[in-house]
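Peer 1: Got a file for you: input.tsv, TSV, C-alpha atoms.
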chain	number	residue	atom	x	y	z
A	24	MET	CA	19.72	-39.30	13.17
A	25	LYS	CA	22.46	-39.03	10.57
A	26	TYR	CA	20.06	-40.31	7.89
A	27	LEU	CA	17.34	-37.94	9.06
A	28	LYS	CA	19.75	-35.01	8.86
A	29	ARG	CA	20.85	-36.01	5.37
A	30	TYR	CA	17.23	-36.53	4.27
A	31	LEU	CA	16.12	-33.15	5.59
A	32	GLY	CA	19.23	-31.55	4.15
A	33	ASN	CA	18.36	-32.90	0.70
A	34	ILE	CA	14.79	-31.63	0.99
A	35	GLY	CA	16.15	-28.23	2.01
A	36	ALA	CA	18.47	-28.17	-0.99
A	37	VAL	CA	15.63	-29.06	-3.39
A	38	VAL	CA	13.39	-26.40	-1.87
A	39	ALA	CA	16.15	-23.79	-2.06
A	40	VAL	CA	16.88	-24.59	-5.72
A	41	SER	CA	13.15	-24.49	-6.56
A	42	LEU	CA	12.84	-21.14	-4.82
A	43	LEU	CA	15.80	-19.74	-6.66
A	44	ALA	CA	14.42	-20.97	-9.98
A	45	GLY	CA	11.07	-19.35	-9.14
A	46	CYS	CA	12.81	-16.07	-8.33
A	47	LEU	CA	14.49	-16.01	-11.69
A	48	LEU	CA	11.32	-16.86	-13.56
A	49	SER	CA	8.90	-14.17	-12.41
A	50	GLY	CA	8.83	-10.54	-11.37
A	51	THR	CA	6.84	-7.34	-10.96
A	52	PHE	CA	7.27	-4.74	-13.68
A	53	VAL	CA	6.33	-1.09	-14.20
A	54	LEU	CA	5.15	-0.07	-17.66
A	55	SER	CA	4.11	3.40	-18.79
A	56	VAL	CA	2.71	5.08	-21.88
A	57	LYS	CA	2.43	8.83	-22.22
A	58	PHE	CA	0.46	11.34	-24.26
A	59	ALA	CA	1.59	14.96	-24.44
A	60	ASN	CA	0.54	18.50	-25.35
A	61	ILE	CA	-3.18	18.10	-25.84
A	62	PRO	CA	-5.21	21.31	-25.80
A	63	VAL	CA	-8.68	20.88	-24.29
A	64	SER	CA	-10.99	23.86	-24.85
A	65	GLY	CA	-14.52	24.83	-25.78
A	66	ASN	CA	-17.91	24.12	-24.32
A	67	ASN	CA	-18.39	20.61	-23.01
A	68	GLU	CA	-15.41	19.36	-24.96
A	69	ASN	CA	-13.82	16.20	-23.71
A	70	TYR	CA	-10.41	14.71	-24.18
A	71	PHE	CA	-10.33	11.20	-25.57
A	72	VAL	CA	-7.47	8.80	-26.20
A	73	ASN	CA	-7.10	5.14	-27.04
A	74	VAL	CA	-4.71	3.68	-24.48
A	75	ASP	CA	-2.89	0.77	-26.04
A	76	ILE	CA	0.00	-0.84	-24.21
A	77	THR	CA	0.11	-3.97	-26.36
A	78	GLY	CA	2.86	-2.49	-28.52
A	79	GLU	CA	5.19	-1.82	-25.58
A	80	ASP	CA	8.26	-4.08	-25.46
A	81	LEU	CA	7.74	-4.96	-21.79
A	82	TRP	CA	4.16	-6.02	-22.46
A	83	GLU	CA	5.18	-7.96	-25.57
A	84	ASP	CA	7.78	-9.84	-23.53
A	85	HIS	CA	5.37	-10.91	-20.80
A	86	LYS	CA	1.84	-10.75	-22.21
A	87	ASP	CA	1.38	-14.54	-22.25
A	88	ASN	CA	2.47	-14.95	-18.63
A	89	ILE	CA	0.73	-12.14	-16.79
A	90	LYS	CA	-0.37	-13.26	-13.34
A	91	ASP	CA	-1.66	-10.04	-11.77
A	92	ILE	CA	-2.30	-6.43	-12.72
A	93	ASP	CA	-1.07	-4.99	-9.43
A	94	LEU	CA	-1.82	-1.31	-9.99
A	95	VAL	CA	-3.02	1.13	-12.61
A	96	GLY	CA	-2.36	4.81	-11.95
A	97	PHE	CA	-1.69	8.09	-13.72
A	98	GLU	CA	0.73	11.00	-13.77
A	99	LEU	CA	-0.64	14.30	-15.06
A	100	TRP	CA	0.75	17.74	-15.87
A	101	ALA	CA	-1.86	20.31	-16.87
A	102	THR	CA	-1.89	24.09	-17.37
A	103	ASN	CA	-5.11	26.01	-16.89
A	104	ASN	CA	-5.58	28.99	-19.23
A	105	THR	CA	-8.81	30.38	-17.80
A	106	GLY	CA	-7.68	31.78	-14.48
A	107	VAL	CA	-10.58	29.93	-12.83
A	108	THR	CA	-10.12	26.95	-10.56
A	109	ASN	CA	-11.56	23.85	-12.13
A	110	THR	CA	-11.70	20.12	-11.64
A	111	PHE	CA	-11.84	17.32	-14.09
A	112	SER	CA	-12.54	13.62	-13.96
A	113	ALA	CA	-11.44	10.66	-16.03
A	114	TYR	CA	-13.59	7.85	-17.33
A	115	PHE	CA	-12.58	4.69	-19.11
A	116	ALA	CA	-14.35	2.25	-21.37
A	117	ASP	CA	-13.65	-1.02	-23.13
A	118	SER	CA	-11.72	-0.62	-26.37
A	119	LEU	CA	-14.74	-2.07	-28.21
A	120	SER	CA	-17.15	0.42	-26.63
A	121	SER	CA	-19.14	2.71	-28.95
A	122	LEU	CA	-17.92	5.74	-26.98
A	123	ASP	CA	-15.48	7.84	-28.97
A	124	ALA	CA	-14.33	11.41	-29.60
A	125	SER	CA	-17.80	12.44	-30.77
A	126	SER	CA	-19.51	11.19	-27.61
A	127	THR	CA	-21.20	13.81	-25.48
A	128	HIS	CA	-20.35	14.70	-21.92
A	129	SER	CA	-23.45	12.90	-20.62
A	130	GLU	CA	-22.81	9.78	-22.73
A	131	ILE	CA	-19.31	9.47	-21.27
A	132	VAL	CA	-20.55	9.99	-17.73
A	133	THR	CA	-23.39	7.48	-18.05
A	134	GLN	CA	-21.74	4.80	-20.20
A	135	GLY	CA	-18.10	5.11	-19.14
A	136	ILE	CA	-16.64	3.99	-15.82
A	137	LEU	CA	-15.25	6.65	-13.51
A	138	CYS	CA	-11.56	6.09	-12.75
A	139	LEU	CA	-10.29	9.48	-11.51
A	140	ASN	CA	-12.69	11.62	-9.54
A	141	ASN	CA	-12.46	15.43	-9.31
A	142	LEU	CA	-8.80	16.05	-10.03
A	143	PRO	CA	-8.00	19.66	-9.06
A	144	LEU	CA	-6.85	22.14	-11.68
A	145	SER	CA	-5.43	25.28	-10.11
A	146	ALA	CA	-6.50	28.64	-11.54
A	147	THR	CA	-3.02	29.55	-12.73
A	148	GLY	CA	0.25	27.78	-13.33
A	149	GLN	CA	0.87	24.12	-13.85
A	150	THR	CA	-0.86	21.38	-11.89
A	151	HIS	CA	1.14	18.20	-11.32
A	152	ILE	CA	-0.38	15.02	-9.97
A	153	THR	CA	2.12	12.25	-9.44
A	154	TYR	CA	1.49	8.53	-9.86
A	155	GLY	CA	1.46	8.13	-6.08
A	156	GLN	CA	-0.95	11.06	-5.61
A	157	SER	CA	-3.30	9.76	-8.32
A	158	PHE	CA	-4.44	6.94	-6.02
A	159	LYS	CA	-6.17	9.53	-3.83
A	160	TYR	CA	-8.54	10.23	-6.71
A	161	ILE	CA	-8.85	6.77	-8.21
A	162	ALA	CA	-12.17	4.91	-8.37
A	163	ASN	CA	-13.23	1.49	-9.63
A	164	LEU	CA	-9.64	0.25	-9.58
A	165	ASP	CA	-10.63	-3.41	-9.85
A	166	GLN	CA	-12.57	-2.78	-13.07
A	167	LEU	CA	-9.70	-0.70	-14.44
A	168	LYS	CA	-7.25	-3.52	-13.67
A	169	GLU	CA	-9.54	-6.02	-15.37
A	170	LEU	CA	-9.72	-3.93	-18.52
A	171	THR	CA	-6.00	-3.25	-18.49
A	172	GLU	CA	-5.35	-6.98	-18.64
A	173	ALA	CA	-6.60	-6.83	-22.24
A	174	GLY	CA	-3.92	-4.21	-22.93
A	175	LYS	CA	-6.30	-1.64	-24.44
A	176	PHE	CA	-8.94	0.77	-23.19
A	177	LYS	CA	-10.45	4.15	-24.01
A	178	LEU	CA	-9.76	7.07	-21.68
A	179	PHE	CA	-11.86	10.24	-21.45
A	180	LEU	CA	-11.28	13.42	-19.45
A	181	VAL	CA	-14.23	15.65	-18.65
A	182	ALA	CA	-14.20	18.97	-16.80
A	183	SER	CA	-16.64	20.06	-14.15
A	184	GLU	CA	-17.10	23.50	-15.70
A	185	SER	CA	-18.79	23.83	-19.08
A	186	THR	CA	-16.25	26.39	-20.28
A	187	ILE	CA	-12.78	24.98	-20.13
A	188	ASP	CA	-9.46	25.89	-21.65
A	189	PHE	CA	-6.43	24.03	-20.48
A	190	GLU	CA	-3.40	22.31	-21.88
A	191	LEU	CA	-2.91	18.73	-20.86
A	192	ASP	CA	0.87	18.91	-20.96
A	193	LEU	CA	1.33	15.26	-20.21
A	194	ILE	CA	-0.72	12.29	-19.11
A	195	ARG	CA	1.06	9.08	-18.34
A	196	VAL	CA	-0.74	5.79	-17.77
A	197	ILE	CA	1.34	3.60	-15.46
A	198	VAL	CA	0.69	-0.11	-15.06
A	199	THR	CA	2.37	-2.36	-12.51
A	200	PHE	CA	2.02	-6.06	-13.25
A	201	THR	CA	3.40	-9.39	-12.10
A	202	ALA	CA	4.39	-11.88	-14.75
A	203	GLY	CA	6.54	-14.83	-15.59
A	204	VAL	CA	9.25	-14.51	-18.21
B	19	MET	CA	5.88	-0.76	19.31
B	20	ARG	CA	3.15	-1.78	21.80
B	21	LYS	CA	2.20	-4.68	19.51
B	22	GLU	CA	5.82	-5.89	19.47
B	23	LEU	CA	6.05	-5.74	23.28
B	24	LYS	CA	2.82	-7.73	23.59
B	25	VAL	CA	4.23	-10.42	21.32
B	26	LEU	CA	7.45	-10.56	23.32
B	27	LEU	CA	5.46	-10.82	26.55
B	28	LEU	CA	3.36	-13.63	25.06
B	29	VAL	CA	6.50	-15.52	24.06
B	30	VAL	CA	7.94	-15.22	27.59
B	31	LEU	CA	4.62	-16.36	29.12
B	32	LEU	CA	4.54	-19.34	26.79
B	33	ALA	CA	7.98	-20.24	28.04
B	34	GLN	CA	6.75	-20.92	31.58
B	35	PRO	CA	4.99	-24.28	30.96
B	36	ALA	CA	7.86	-25.31	28.75
B	37	LEU	CA	10.30	-24.64	31.57
B	38	ALA	CA	8.13	-26.55	34.02
B	39	GLY	CA	8.30	-29.57	31.73
B	40	GLY	CA	12.05	-29.33	31.46
B	41	ILE	CA	11.92	-28.42	27.79
B	42	THR	CA	14.61	-26.08	26.56
B	43	PHE	CA	13.09	-22.86	25.34
B	44	GLY	CA	14.49	-19.66	23.99
B	45	VAL	CA	13.52	-16.26	22.73
B	46	GLY	CA	15.21	-14.05	20.20
B	47	ALA	CA	15.10	-10.76	18.40
B	48	ALA	CA	16.64	-9.84	15.07
B	49	ALA	CA	16.88	-6.95	12.65
B	50	GLY	CA	18.39	-6.43	9.25
B	51	LEU	CA	17.88	-5.60	5.61
B	52	ASP	CA	15.30	-6.83	3.14
B	53	TYR	CA	15.84	-6.92	-0.63
B	54	PRO	CA	12.78	-7.31	-2.90
B	55	ILE	CA	13.65	-9.62	-5.79
B	56	ARG	CA	12.54	-8.48	-9.25
B	57	GLN	CA	9.92	-6.10	-7.88
B	58	GLU	CA	10.20	-2.78	-9.69
B	59	ASP	CA	7.51	-1.30	-7.44
B	60	GLN	CA	9.53	-1.86	-4.25
B	61	ALA	CA	12.99	-0.89	-3.03
B	62	PRO	CA	15.28	-2.44	-0.40
B	63	GLY	CA	14.15	-1.80	3.14
B	64	THR	CA	14.40	-2.99	6.70
B	65	VAL	CA	13.09	-5.93	8.70
B	66	PHE	CA	12.92	-6.68	12.40
B	67	GLY	CA	11.12	-9.23	14.50
B	68	PHE	CA	10.84	-11.56	17.47
B	69	LYS	CA	10.75	-15.31	17.82
B	70	GLY	CA	10.43	-18.09	20.32
B	71	ARG	CA	12.62	-21.21	20.02
B	72	LEU	CA	11.37	-24.66	21.01
B	73	LYS	CA	13.52	-27.76	20.75
B	74	ALA	CA	11.31	-30.29	18.94
B	75	ILE	CA	13.80	-33.15	18.66
B	76	PRO	CA	17.61	-33.01	18.84
B	77	SER	CA	18.98	-30.67	16.14
B	78	ILE	CA	15.52	-29.51	15.09
B	79	ALA	CA	13.91	-26.44	16.62
B	80	LEU	CA	10.60	-24.74	15.94
B	81	GLU	CA	10.40	-20.97	15.90
B	82	PRO	CA	7.03	-19.21	16.15
B	83	ASN	CA	7.79	-15.70	15.02
B	84	ILE	CA	6.57	-12.29	13.97
B	85	TYR	CA	8.49	-10.06	11.57
B	86	PHE	CA	7.86	-6.53	10.36
B	87	THR	CA	9.23	-5.53	6.96
B	88	ASN	CA	9.23	-2.01	5.51
B	89	HIS	CA	10.09	-1.95	1.82
B	90	GLY	CA	11.71	1.25	0.60
B	91	ASP	CA	10.19	3.70	-1.89
B	92	PRO	CA	11.02	2.59	-5.42
B	93	ASP	CA	13.05	4.70	-7.84
B	94	TYR	CA	12.13	4.53	-11.48
B	95	GLU	CA	14.56	5.73	-14.11
B	96	ASP	CA	12.09	7.48	-16.47
B	97	PHE	CA	10.14	9.60	-13.98
B	98	ASP	CA	9.33	10.04	-10.31
B	99	LEU	CA	6.84	7.36	-9.25
B	100	ASP	CA	6.25	9.01	-5.87
B	101	LEU	CA	5.21	5.57	-4.65
B	102	GLU	CA	5.64	4.28	-1.11
B	103	GLY	CA	7.03	0.81	-0.46
B	104	SER	CA	4.76	-1.82	1.08
B	105	LYS	CA	4.75	-2.80	4.75
B	106	ILE	CA	4.61	-6.51	5.55
B	107	THR	CA	3.69	-8.13	8.84
B	108	ALA	CA	4.52	-11.83	8.86
B	109	TYR	CA	3.24	-14.34	11.43
B	110	GLY	CA	4.73	-17.79	11.03
B	111	VAL	CA	6.68	-20.78	12.20
B	112	ASP	CA	10.19	-21.69	11.05
B	113	ALA	CA	11.84	-25.06	11.53
B	114	THR	CA	15.62	-25.00	11.87
B	115	LEU	CA	17.91	-27.95	11.37
B	116	GLY	CA	21.27	-27.88	13.09
B	117	ALA	CA	21.16	-24.71	15.20
B	118	GLY	CA	23.13	-24.69	18.44
B	119	PHE	CA	20.29	-24.28	20.93
B	120	GLY	CA	22.38	-23.32	23.90
B	121	ALA	CA	25.62	-24.91	22.74
B	122	VAL	CA	28.76	-22.78	22.90
B	123	GLY	CA	30.53	-22.33	19.57
B	124	VAL	CA	29.67	-21.89	15.90
B	125	LYS	CA	26.70	-23.86	14.50
B	126	PRO	CA	25.50	-23.47	10.91
B	127	TYR	CA	21.89	-24.39	10.23
B	128	GLY	CA	19.23	-24.54	7.54
B	129	LEU	CA	15.66	-23.37	7.91
B	130	PHE	CA	12.27	-23.68	6.30
B	131	GLY	CA	9.20	-21.75	7.36
B	132	VAL	CA	5.57	-21.02	6.58
B	133	GLY	CA	3.35	-18.15	7.62
B	134	PHE	CA	0.76	-15.53	6.86
B	135	TYR	CA	2.00	-12.33	5.26
B	136	LYS	CA	-0.12	-9.20	5.60
B	137	VAL	CA	0.95	-6.75	2.89
B	138	LYS	CA	-0.19	-3.13	3.21
B	139	ARG	CA	0.40	0.01	1.19
B	140	ASP	CA	-1.90	2.76	2.47
B	141	GLN	CA	-1.21	5.00	-0.49
B	142	THR	CA	-2.76	2.53	-2.96
B	143	LEU	CA	-5.28	1.03	-0.51
B	144	GLN	CA	-3.48	-2.32	-0.78
B	145	ASP	CA	-4.28	-4.57	2.18
B	146	GLU	CA	-4.08	-8.30	1.58
B	147	THR	CA	-3.01	-11.34	3.53
B	148	ASN	CA	-1.54	-14.39	1.82
B	149	PHE	CA	0.01	-17.65	2.93
B	150	GLY	CA	3.71	-17.84	2.09
B	151	TRP	CA	6.87	-19.72	2.81
B	152	SER	CA	10.56	-19.15	3.30
B	153	ALA	CA	13.86	-21.01	3.30
B	154	GLY	CA	17.39	-20.08	4.17
B	155	PHE	CA	20.60	-20.64	6.06
B	156	GLY	CA	22.13	-19.20	9.18
B	157	ILE	CA	24.97	-19.33	11.64
B	158	GLU	CA	24.43	-19.33	15.38
B	159	VAL	CA	27.36	-18.47	17.61
B	160	GLY	CA	26.84	-19.58	21.19
B	161	VAL	CA	28.59	-17.11	23.51
B	162	ASN	CA	27.56	-19.12	26.57
B	163	PRO	CA	24.76	-21.64	27.30
B	164	THR	CA	22.13	-18.93	27.54
B	165	VAL	CA	23.14	-16.32	24.96
B	166	SER	CA	23.94	-16.68	21.28
B	167	LEU	CA	24.43	-14.45	18.26
B	168	ASP	CA	22.37	-15.39	15.24
B	169	VAL	CA	22.95	-14.35	11.61
B	170	ARG	CA	20.67	-15.66	8.88
B	171	GLY	CA	19.77	-15.20	5.26
B	172	LYS	CA	16.28	-16.04	4.15
B	173	LEU	CA	14.36	-16.14	0.90
B	174	VAL	CA	10.64	-15.32	1.28
B	175	VAL	CA	7.98	-16.24	-1.29
B	176	ILE	CA	4.46	-14.81	-0.98
B	177	PRO	CA	2.08	-16.25	-3.58
B	178	THR	CA	-0.60	-13.80	-4.73
B	179	ASP	CA	-4.21	-14.35	-5.76
B	180	GLY	CA	-3.60	-14.28	-9.50
B	181	GLY	CA	-0.99	-17.04	-9.44
B	182	GLY	CA	2.07	-14.81	-9.24
B	183	SER	CA	4.28	-14.30	-6.23
B	184	LYS	CA	6.34	-11.64	-4.48
B	185	LYS	CA	9.81	-12.62	-3.42
B	186	SER	CA	12.43	-11.05	-1.27
B	187	ALA	CA	15.68	-11.92	0.43
B	188	SER	CA	16.53	-10.80	3.92
B	189	LEU	CA	19.74	-10.71	5.91
B	190	THR	CA	19.30	-10.33	9.66
B	191	GLY	CA	21.42	-10.43	12.78
B	192	GLY	CA	20.19	-10.86	16.31
B	193	LEU	CA	20.44	-12.33	19.77
B	194	ASN	CA	18.90	-15.48	21.24
B	195	TYR	CA	18.38	-16.12	24.94
B	196	TYR	CA	17.79	-19.65	26.26
B	197	PHE	CA	15.91	-20.68	29.40
B	198	GLY	CA	16.36	-23.97	31.18
B	199	ASN	CA	20.03	-24.61	30.41
Using C-alpha cells, write down the structure that the file contains.
Peer 2:
Amino acid sequence: MKYLKRYLGNIGAVVAVSLLAGCLLSGTFVLSVKFANIPVSGNNENYFVNVDITGEDLWEDHKDNIKDIDLVGFELWATNNTGVTNTFSAYFADSLSSLDASSTHSEIVTQGILCLNNLPLSATGQTHITYGQSFKYIANLDQLKELTEAGKFKLFLVASESTIDFELDLIRVIVTFTAGV
Amino acid sequence: MRKELKVLLLVVLLAQPALAGGITFGVGAAAGLDYPIRQEDQAPGTVFGFKGRLKAIPSIALEPNIYFTNHGDPDYEDFDLDLEGSKITAYGVDATLGAGFGAVGVKPYGLFGVGFYKVKRDQTLQDETNFGWSAGFGIEVGVNPTVSLDVRGKLVVIPTDGGGSKKSASLTGGLNYYFGN
C-alpha cells in the first residue's frame, strides 16, 4: 500500500506540474481595433473599411499559436443627422474579394456575407451598441470567425433607407481568441 | 435549484445498495470561488456542487459529482465589454487519495478527476460540451465518524475543439456526511 501511495503520489505530482505548465503556456485574449469619425451620407452610399488586425502587438505575439477564434463582435457609436429612424446592416468579405469602396449597394448585399443585421439608428441623438449587445444582431458568426483567423477582412455598412446622413463616431472590431504563447 | 435537489436525491438513493453491501458511502456539498486562469473574457465567479463518496480501496475514494460554476462579467481596461461571464455545468468523477472517509482528525489528500463540462453563455449563443479533467489537493477534517469539513483547491482544464483549452482554479469549502460508520 505504501508503494501504491507513493506511485499515485508521483503521478499526481507529474499531472499537477503538467497542468501548471499548460496554464502558463496558453490563454484567452481580447483584441480590438477601432475606426472613428466617419461621415456616411448620400444616396445609397456605403461605408467600407479594411479591417486588419495583423499589425496589432497582441496578434503579432500569438499569431503562430492561435487555437480558436472564440468570438468576433463590434462596438458602435453613431449619430443620425436626418431626424428619421433608420437601420443599417454590416457585411464582410475576404480581404482578396473584388468588393471595395466603389461597389454598389446590391453588389455588397449579394456578394458579401451578412454579419450584423438591422442595427437600429435612433432618429436623434447618439446610438450606442456595446460589444455584448452586438451579439443580438450578429449573423454568420462561424464564417466571420473563419475569416478573422486570417487577420484581415473587408467590412461594409449599408443603410436600409436610400437617403442617409449619419456620423459613425466609432466602430470597434473586437476579437476574442485562445492561443499559446 | 430543482435540478440540484434531484441530483442530491439520486445520490442518496444510490447510497442504499451500497449500505446494504456494507460499503462505506458518503455525500457532500461544497461552495466557493472560481478563478479563470488567463481568460480575459471571464472574471472570477462562484462555484457550488454536490458529490457522492464511495470507498474504492483503502485510502482511495471515488466521487461522482456535479458542479455549477458562474464566471463573473469581465472588465476590460480600454472600454466596457458589456459581456456576461460563462456558466459551466460539470458532471464528473474525482478520485481522491488519502482523504479521511469517516476518520476523526485532519487528513490531507490529493485528487484527480475527469468529466464533461457544459459551457454556456446565452448572450453570445455559446453552448458547447467538452471532456475535461482536473487535479488538486484538499484537507478533510473529521469532526466525528459521520461528519467532516472539506476544503479543497482544484485546477480545471477544459480542452476546446480548436486545440486550445480553458483553465480555472477553484477553492471550495463544504461538508461531507458518511453512512454506514
Peer 1: Between B:Gln60, B:Thr142, B:Ser186, B:Ser152, which is the closest to A:Gln156 once you count all atoms listed in the file?
Peer 2: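 Answer, going by the shortest atom-to-atom distance: B:Thr142.
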Peer 1: Please tell me which residues are no farther than 6 Å from (9.4, -16.9, 0.0) in the file, counting all atoms listed in the file, and write them as a PDB file with C-alpha atoms, in the coordinates of the input.
Peer 2:
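The resulting file, part_30.pdb, is shown below:
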ATOM      1  CA  TRP B 151       6.870 -19.720   2.810  1.00  0.00           C
ATOM      2  CA  SER B 152      10.560 -19.150   3.300  1.00  0.00           C
ATOM      3  CA  LEU B 173      14.360 -16.140   0.900  1.00  0.00           C
ATOM      4  CA  VAL B 174      10.640 -15.320   1.280  1.00  0.00           C
ATOM      5  CA  VAL B 175       7.980 -16.240  -1.290  1.00  0.00           C
ATOM      6  CA  ILE B 176       4.460 -14.810  -0.980  1.00  0.00           C
ATOM      7  CA  LYS B 185       9.810 -12.620  -3.420  1.00  0.00           C
TER       8      LYS B 185
END
Peer 1: Would you mind listing what lies within 10 Å of stretch 122-131 of chain A as a PyMOL selection string, with only C-alpha atoms counted and same-chain residues fewer than 5 positions away left out?
Peer 2: chain A and resi 67-73+113-117+136-137+177-182+185
Peer 1: Using all atoms listed in the file, which protein or nucleic acid residues come within 8 Å of A:Asn60? Drop anything in the same chain fewer than 2 positions from it, and give the result as a PDB file with C-alpha atoms, in the frame of the given file.
Peer 2:
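Result file part.pdb:
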ATOM      1  CA  PHE A  58       0.460  11.340 -24.260  1.00  0.00           C
ATOM      2  CA  PRO A  62      -5.210  21.310 -25.800  1.00  0.00           C
ATOM      3  CA  GLU A 190      -3.400  22.310 -21.880  1.00  0.00           C
ATOM      4  CA  LEU A 191      -2.910  18.730 -20.860  1.00  0.00           C
ATOM      5  CA  ASP A 192       0.870  18.910 -20.960  1.00  0.00           C
ATOM      6  CA  LEU A 193       1.330  15.260 -20.210  1.00  0.00           C
TER       7      LEU A 193
END
Peer 1: Would you list which chain B residues are within 9 Å of chain A using only C-alpha atoms, as number ranges by chain?
Peer 2: B: 55-59, 76-77, 94, 98-102, 115-116, 128-130, 141-143, 152-154, 173-175, 178-186
Peer 1: Name the residues within 9 Å of (7.0, 15.6, -19.1), counting all atoms listed in the file in the file's coordinates, and put them as a list in words.
Peer 2: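 Within the cut-off we find Lys57, Ala59, Leu99, Trp100, Asp192, Leu193, Ile194 and Arg195 of chain A; Phe97 of chain B.
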Peer 1: Considering only C-alpha atoms, return as a short mmCIF file (atom, residue, chain, number, x, y, z; two decimals) with C-alpha atoms, in the frame of the given file whatever protein or nucleic-acid residues lie within 7 Å of B:Val124, sequence-local ones (same chain, fewer than 5 positions apart) excluded.
Peer 2:
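Result written to selection-v2.cif:
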data_model
loop_
_atom_site.label_atom_id
_atom_site.label_comp_id
_atom_site.auth_asym_id
_atom_site.auth_seq_id
_atom_site.Cartn_x
_atom_site.Cartn_y
_atom_site.Cartn_z
CA ILE B 157 24.97 -19.33 11.64
CA GLU B 158 24.43 -19.33 15.38
CA VAL B 159 27.36 -18.47 17.61
CA GLY B 160 26.84 -19.58 21.19
#
Peer 1: Out of B:Leu80, B:Ala61, B:Ala74, B:Ala47, which residue has the shortest atom-to-atom distance to B:Ser166 when counting all atoms listed in the file?
Peer 2: B:Ala47
Peer 1: Which residue gives the smallest distance to A:Asn103 among A:Ser145, A:Val196, A:Glu79, A:Ser118, with only C-alpha atoms counted?
Peer 2: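 Ranked by minimum distance to A:Asn103, first place goes to A:Ser145.
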Peer 1: For atom CA of B:Lys105 and atom CA of B:Gly131, determine how far apart the two atoms are, in Å to one decimal place.
Peer 2: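 These two atoms are separated by 19.6 Å.
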Peer 1: Using all atoms listed in the file, can you tell me which of B:Tyr196, B:Tyr127, B:Tyr53, B:Tyr135 comes closest to B:His89?
Peer 2: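 Of B:Tyr196, B:Tyr127, B:Tyr53, B:Tyr135, the one nearest B:His89, counting all atoms listed in the file, is B:Tyr53.
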Peer 1: Could you tell me how far atom CA of A:Leu167 lies from atom CA of A:Asp75, in Å and to one decimal?
Peer 2: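 That distance, rounded to one decimal, is 13.5 Å.
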Peer 1: One decimal, in Å: what's the spacing between atom CA of B:Asp140 and atom CA of B:Asn88?
Peer 2: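 Those two atoms sit 12.5 Å apart.
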